[in-house]
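Listing of work-v2.cif, mmCIF, C-alpha atoms, pLDDT in the B column; chains and numbers go by the auth columns
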data_query
#
loop_
_atom_site.group_PDB
_atom_site.id
_atom_site.type_symbol
_atom_site.label_atom_id
_atom_site.label_comp_id
_atom_site.label_asym_id
_atom_site.label_seq_id
_atom_site.Cartn_x
_atom_site.Cartn_y
_atom_site.Cartn_z
_atom_site.B_iso_or_equiv
_atom_site.auth_seq_id
_atom_site.auth_asym_id
ATOM 1 C CA MET A 1 -48.979 -41.959 57.530 42.00 71 A
ATOM 2 C CA GLU A 2 -46.424 -39.555 58.973 53.00 72 A
ATOM 3 C CA PHE A 3 -47.134 -37.342 61.975 61.00 73 A
ATOM 4 C CA LEU A 4 -45.006 -34.611 63.505 68.00 74 A
ATOM 5 C CA ILE A 5 -41.542 -35.999 64.187 72.00 75 A
ATOM 6 C CA PRO A 6 -39.685 -33.363 66.224 74.00 76 A
ATOM 7 C CA HIS A 7 -36.089 -34.472 65.640 72.00 77 A
ATOM 8 C CA LYS A 8 -36.646 -34.457 61.836 75.00 78 A
ATOM 9 C CA ILE A 9 -38.563 -31.189 61.750 76.00 79 A
ATOM 10 C CA LEU A 10 -36.148 -29.278 63.986 81.00 80 A
ATOM 11 C CA LEU A 11 -33.287 -29.858 61.539 80.00 81 A
ATOM 12 C CA HIS A 12 -34.775 -27.096 59.328 74.00 82 A
ATOM 13 C CA PHE A 13 -34.256 -24.291 61.816 83.00 83 A
ATOM 14 C CA GLY A 14 -30.525 -23.871 62.288 88.00 84 A
ATOM 15 C CA ILE A 15 -30.778 -24.259 66.059 91.00 85 A
ATOM 16 C CA THR A 16 -27.324 -24.457 67.603 94.00 86 A
ATOM 17 C CA PRO A 17 -25.902 -24.769 71.108 96.00 87 A
ATOM 18 C CA GLY A 18 -26.292 -21.618 73.185 96.00 88 A
ATOM 19 C CA MET A 19 -29.357 -20.287 71.360 96.00 89 A
ATOM 20 C CA HIS A 20 -32.430 -18.957 73.127 95.00 90 A
ATOM 21 C CA VAL A 21 -35.640 -20.431 71.757 93.00 91 A
ATOM 22 C CA ALA A 22 -39.319 -19.807 72.557 90.00 92 A
ATOM 23 C CA GLU A 23 -41.759 -22.624 71.896 86.00 93 A
ATOM 24 C CA MET A 24 -45.318 -21.341 71.719 80.00 94 A
ATOM 25 C CA HIS A 25 -48.213 -23.703 72.427 70.00 95 A
ATOM 26 C CA ALA A 26 -45.844 -26.326 73.807 63.00 96 A
ATOM 27 C CA GLY A 27 -48.643 -28.633 74.941 64.00 97 A
ATOM 28 C CA ASN A 28 -47.201 -31.816 76.396 66.00 98 A
ATOM 29 C CA GLY A 29 -43.639 -30.867 75.390 70.00 99 A
ATOM 30 C CA HIS A 30 -43.476 -32.989 72.233 76.00 100 A
ATOM 31 C CA PHE A 31 -40.740 -30.672 70.864 82.00 101 A
ATOM 32 C CA THR A 32 -39.328 -29.340 74.153 87.00 102 A
ATOM 33 C CA LYS A 33 -37.003 -32.252 74.918 87.00 103 A
ATOM 34 C CA HIS A 34 -35.448 -32.080 71.456 86.00 104 A
ATOM 35 C CA LEU A 35 -35.077 -28.300 71.626 91.00 105 A
ATOM 36 C CA LYS A 36 -33.279 -28.568 74.964 91.00 106 A
ATOM 37 C CA GLU A 37 -30.867 -31.112 73.517 92.00 107 A
ATOM 38 C CA MET A 38 -30.147 -28.845 70.549 92.00 108 A
ATOM 39 C CA VAL A 39 -29.440 -25.667 72.541 94.00 109 A
ATOM 40 C CA GLY A 40 -27.380 -27.539 75.125 95.00 110 A
ATOM 41 C CA VAL A 41 -26.463 -26.486 78.632 95.00 111 A
ATOM 42 C CA TYR A 42 -25.789 -22.846 77.688 96.00 112 A
ATOM 43 C CA GLY A 43 -28.970 -22.350 75.699 95.00 113 A
ATOM 44 C CA ILE A 44 -32.465 -21.594 76.938 93.00 114 A
ATOM 45 C CA VAL A 45 -35.828 -22.997 75.879 91.00 115 A
ATOM 46 C CA HIS A 46 -38.961 -21.102 76.924 87.00 116 A
ATOM 47 C CA SER A 47 -41.919 -23.497 76.606 82.00 117 A
ATOM 48 C CA LEU A 48 -45.140 -21.506 76.738 77.00 118 A
ATOM 49 C CA GLN A 49 -48.820 -22.249 76.494 70.00 119 A
ATOM 50 C CA HIS A 50 -51.035 -19.993 74.422 59.00 120 A
ATOM 51 C CA ASN A 51 -52.564 -17.085 76.238 57.00 121 A
ATOM 52 C CA GLU A 52 -53.351 -14.432 73.673 53.00 122 A
ATOM 53 C CA ASN A 53 -53.040 -11.561 76.141 52.00 123 A
ATOM 54 C CA GLN A 54 -49.659 -12.682 77.483 54.00 124 A
ATOM 55 C CA PHE A 55 -48.133 -14.062 74.297 57.00 125 A
ATOM 56 C CA LEU A 56 -44.360 -13.688 74.538 56.00 126 A
ATOM 57 C CA LEU A 57 -44.641 -10.745 76.930 58.00 127 A
ATOM 58 C CA ASP A 58 -42.892 -12.574 79.742 67.00 128 A
ATOM 59 C CA LEU A 59 -39.680 -13.374 77.888 79.00 129 A
ATOM 60 C CA PRO A 60 -36.724 -11.792 79.697 82.00 130 A
ATOM 61 C CA GLU A 61 -34.859 -11.041 76.458 88.00 131 A
ATOM 62 C CA PRO A 62 -35.202 -11.400 72.685 93.00 132 A
ATOM 63 C CA VAL A 63 -34.809 -14.935 71.338 94.00 133 A
ATOM 64 C CA ASP A 64 -33.068 -16.479 68.336 96.00 134 A
ATOM 65 C CA ARG A 65 -35.981 -18.675 67.253 94.00 135 A
ATOM 66 C CA ILE A 66 -39.714 -18.817 67.923 92.00 136 A
ATOM 67 C CA LEU A 67 -41.537 -22.034 67.216 89.00 137 A
ATOM 68 C CA LEU A 68 -45.313 -21.736 66.781 86.00 138 A
ATOM 69 C CA ILE A 69 -47.013 -25.124 66.701 81.00 139 A
ATOM 70 C CA ASN A 70 -50.757 -25.399 66.056 76.00 140 A
ATOM 71 C CA VAL A 71 -51.351 -22.088 67.780 69.00 141 A
ATOM 72 C CA PRO A 72 -55.071 -21.374 68.175 63.00 142 A
ATOM 73 C CA PHE A 73 -55.361 -18.006 66.414 61.00 143 A
ATOM 74 C CA THR A 74 -58.690 -17.090 67.950 57.00 144 A
ATOM 75 C CA SER A 75 -59.206 -13.407 67.364 62.00 145 A
ATOM 76 C CA ASN A 76 -56.395 -11.677 65.490 73.00 146 A
ATOM 77 C CA PRO A 77 -53.478 -13.748 64.171 80.00 147 A
ATOM 78 C CA LEU A 78 -51.725 -10.580 62.950 84.00 148 A
ATOM 79 C CA ILE A 79 -51.328 -9.427 66.567 81.00 149 A
ATOM 80 C CA THR A 80 -49.774 -12.770 67.518 82.00 150 A
ATOM 81 C CA LEU A 81 -47.369 -12.667 64.563 87.00 151 A
ATOM 82 C CA THR A 82 -46.439 -9.031 65.314 87.00 152 A
ATOM 83 C CA LYS A 83 -45.646 -9.949 68.921 85.00 153 A
ATOM 84 C CA ALA A 84 -43.513 -12.838 67.678 88.00 154 A
ATOM 85 C CA TYR A 85 -41.620 -10.416 65.429 92.00 155 A
ATOM 86 C CA LYS A 86 -40.929 -8.078 68.356 90.00 156 A
ATOM 87 C CA ALA A 87 -39.743 -10.965 70.549 90.00 157 A
ATOM 88 C CA LEU A 88 -37.038 -12.025 68.079 94.00 158 A
ATOM 89 C CA LYS A 89 -33.449 -10.836 67.819 95.00 159 A
ATOM 90 C CA PRO A 90 -32.661 -8.973 64.550 96.00 160 A
ATOM 91 C CA SER A 91 -31.315 -12.179 62.993 94.00 161 A
ATOM 92 C CA GLY A 92 -34.106 -14.288 64.500 95.00 162 A
ATOM 93 C CA LYS A 93 -36.455 -16.660 62.733 95.00 163 A
ATOM 94 C CA MET A 94 -40.008 -17.798 63.290 94.00 164 A
ATOM 95 C CA ILE A 95 -40.995 -21.373 62.562 91.00 165 A
ATOM 96 C CA LEU A 96 -44.677 -22.049 62.004 89.00 166 A
ATOM 97 C CA ILE A 97 -46.212 -25.527 61.983 87.00 167 A
ATOM 98 C CA GLU A 98 -49.949 -25.727 61.347 85.00 168 A
ATOM 99 C CA HIS A 99 -52.606 -28.267 60.415 82.00 169 A
ATOM 100 C CA LYS A 100 -53.325 -28.568 56.701 82.00 170 A
ATOM 101 C CA GLY A 101 -56.832 -27.608 55.725 73.00 171 A
ATOM 102 C CA ASP A 102 -57.484 -25.467 58.786 61.00 172 A
ATOM 103 C CA GLU A 103 -59.071 -22.048 58.717 68.00 173 A
ATOM 104 C CA PHE A 104 -55.671 -20.468 58.033 71.00 174 A
ATOM 105 C CA PRO A 105 -54.022 -21.964 54.939 81.00 175 A
ATOM 106 C CA GLU A 106 -50.328 -21.571 54.145 85.00 176 A
ATOM 107 C CA GLU A 107 -50.903 -18.600 51.824 88.00 177 A
ATOM 108 C CA ARG A 108 -52.803 -16.670 54.480 86.00 178 A
ATOM 109 C CA PHE A 109 -50.042 -17.175 57.055 87.00 179 A
ATOM 110 C CA THR A 110 -47.455 -16.028 54.522 92.00 180 A
ATOM 111 C CA HIS A 111 -49.490 -12.871 53.843 93.00 181 A
ATOM 112 C CA LEU A 112 -50.081 -12.100 57.539 91.00 182 A
ATOM 113 C CA ALA A 113 -46.453 -12.776 58.440 93.00 183 A
ATOM 114 C CA GLY A 114 -45.430 -10.309 55.715 96.00 184 A
ATOM 115 C CA LEU A 115 -47.694 -7.678 57.258 96.00 185 A
ATOM 116 C CA ALA A 116 -46.018 -8.334 60.624 94.00 186 A
ATOM 117 C CA GLY A 117 -42.573 -7.688 59.087 96.00 187 A
ATOM 118 C CA PHE A 118 -41.444 -11.195 58.185 97.00 188 A
ATOM 119 C CA ALA A 119 -40.107 -12.535 54.897 97.00 189 A
ATOM 120 C CA ARG A 120 -40.847 -16.146 54.026 96.00 190 A
ATOM 121 C CA GLU A 121 -37.644 -18.121 53.855 94.00 191 A
ATOM 122 C CA LYS A 122 -38.854 -21.620 53.044 91.00 192 A
ATOM 123 C CA HIS A 123 -41.529 -24.293 53.232 90.00 193 A
ATOM 124 C CA PHE A 124 -40.681 -27.696 54.724 86.00 194 A
ATOM 125 C CA HIS A 125 -42.404 -31.046 55.052 82.00 195 A
ATOM 126 C CA ALA A 126 -43.943 -31.333 58.525 84.00 196 A
ATOM 127 C CA GLY A 127 -45.797 -34.605 58.123 80.00 197 A
ATOM 128 C CA ASP A 128 -48.933 -35.697 56.304 82.00 198 A
ATOM 129 C CA HIS A 129 -51.267 -33.497 58.343 83.00 199 A
ATOM 130 C CA HIS A 130 -49.234 -30.296 58.782 85.00 200 A
ATOM 131 C CA PHE A 131 -47.347 -27.700 56.779 88.00 201 A
ATOM 132 C CA GLY A 132 -44.227 -25.936 57.944 90.00 202 A
ATOM 133 C CA LEU A 133 -42.919 -22.465 57.147 92.00 203 A
ATOM 134 C CA VAL A 134 -39.787 -20.589 58.184 94.00 204 A
ATOM 135 C CA PHE A 135 -39.797 -16.799 58.272 96.00 205 A
ATOM 136 C CA LYS A 136 -36.969 -14.347 58.949 96.00 206 A
ATOM 137 C CA LYS A 137 -37.159 -10.746 60.037 93.00 207 A
ATOM 138 C CA ALA A 138 -37.266 -8.577 56.930 86.00 208 A
#

Whole structure given in structure tokens:
Amino acid sequence: MEFLIPHKILLHFGITPGMHVAEMHAGNGHFTKHLKEMVGVYGIVHSLQHNENQFLLDLPEPVDRILLINVPFTSNPLITLTKAYKALKPSGKMILIEHKGDEFPEERFTHLAGLAGFAREKHFHAGDHHFGLVFKKA
């Protein structure tokens, strides 16, 4: 049984030294250490916990990548995805990792992300219990 393995999963995102990355719903920092290694000393990693009212509002500048991991979409996921779109640079990408079989299946996220302005770029294997999607700004 395979669970989330950050160093394998992060290879799908094109993260390079110097990038600015926002990690939403960072939890215990399972991905944070690996993100920091990837962006290096000149990059920035913003590790945030989910607060629907403050989601990505405190970022000092647009970011290259946003990583959403098991984000609890409690009231309106479209608002969260729209805020993620606005927080990205024009060439930015959003990476979404969610539990399989949850209330929001892969197809629903793809539809909502499209409404927020994203285009689905690819699906990737995120372990036995999760699915992974990469979106770019359309």

What lies within 10 Å of A:His116 using all atoms listed in the file, ignoring chain neighbours under 6 positions off, as a ChimeraX atom specification?
-> /A:90-94,96,102,105-106,126,128-130,133,136

Work out how far atom CA of A:Gly187 is from atom CA of A:Ile79, in Å to one decimal.
->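 Interatomic distance, atom CA of A:Ile79 to atom CA of A:Gly187: 24.0 Å.
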
Distance of atom CA of A:Pro132 from atom CA of A:Lys192, expressed in Å to one decimal place |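 Computed distance, atom CA of A:Lys192 to atom CA of A:Pro132, equals 22.4 Å.
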
Which neighbours of A:Leu182 fall inside 9 Å, counting only C-alpha atoms, when residues of the same chain fewer than 6 positions from it are skipped, and could you give them as a list in words?
-> Pro147, Leu148, Leu151 and Phe188 of chain A

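Proximity to A:Phe101 was assessed for A:His77, A:His82, A:Arg135, A:Lys159 counting only C-alpha atoms; the smallest distance is recorded for A:His77.
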
Distance criterion (all atoms listed in the file): nearest to A:Gly88 out of A:Val111, A:Pro160, A:Phe194, A:His169 |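 Closest residue, counting all atoms listed in the file: A:Val111.
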
Name the residues captured by the PyMOL selection byres ((chain A and resi 203-208) around 8) when it is applied to the shown file; answer as number ranges by chain.
-> A: 83, 155, 160-167, 183, 187-194, 201-202

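Our summary of the geometry notes that atom CA of A:Leu185 is positioned 28.1 Å from atom CA of A:Asp198.
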
Got a sec to resolve the PyMOL selection byres ((chain A and resi 86) around 9) on this structure and send the residues as a ChimeraX atom specification?
-> /A:84-85,87-89,108-110,113

Pick from A:Pro76, A:Leu138, A:Gln119, A:Glu131 nearest to A:His104, counting all atoms listed in the file |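 Comparing A:Pro76, A:Leu138, A:Gln119, A:Glu131 against A:His104, the winner is A:Pro76.
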
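Take the candidates A:Lys103, A:Lys153, A:Lys78, A:His200 and check each one against A:Asn140 using all atoms listed in the file; the shortest distance goes to A:His200.
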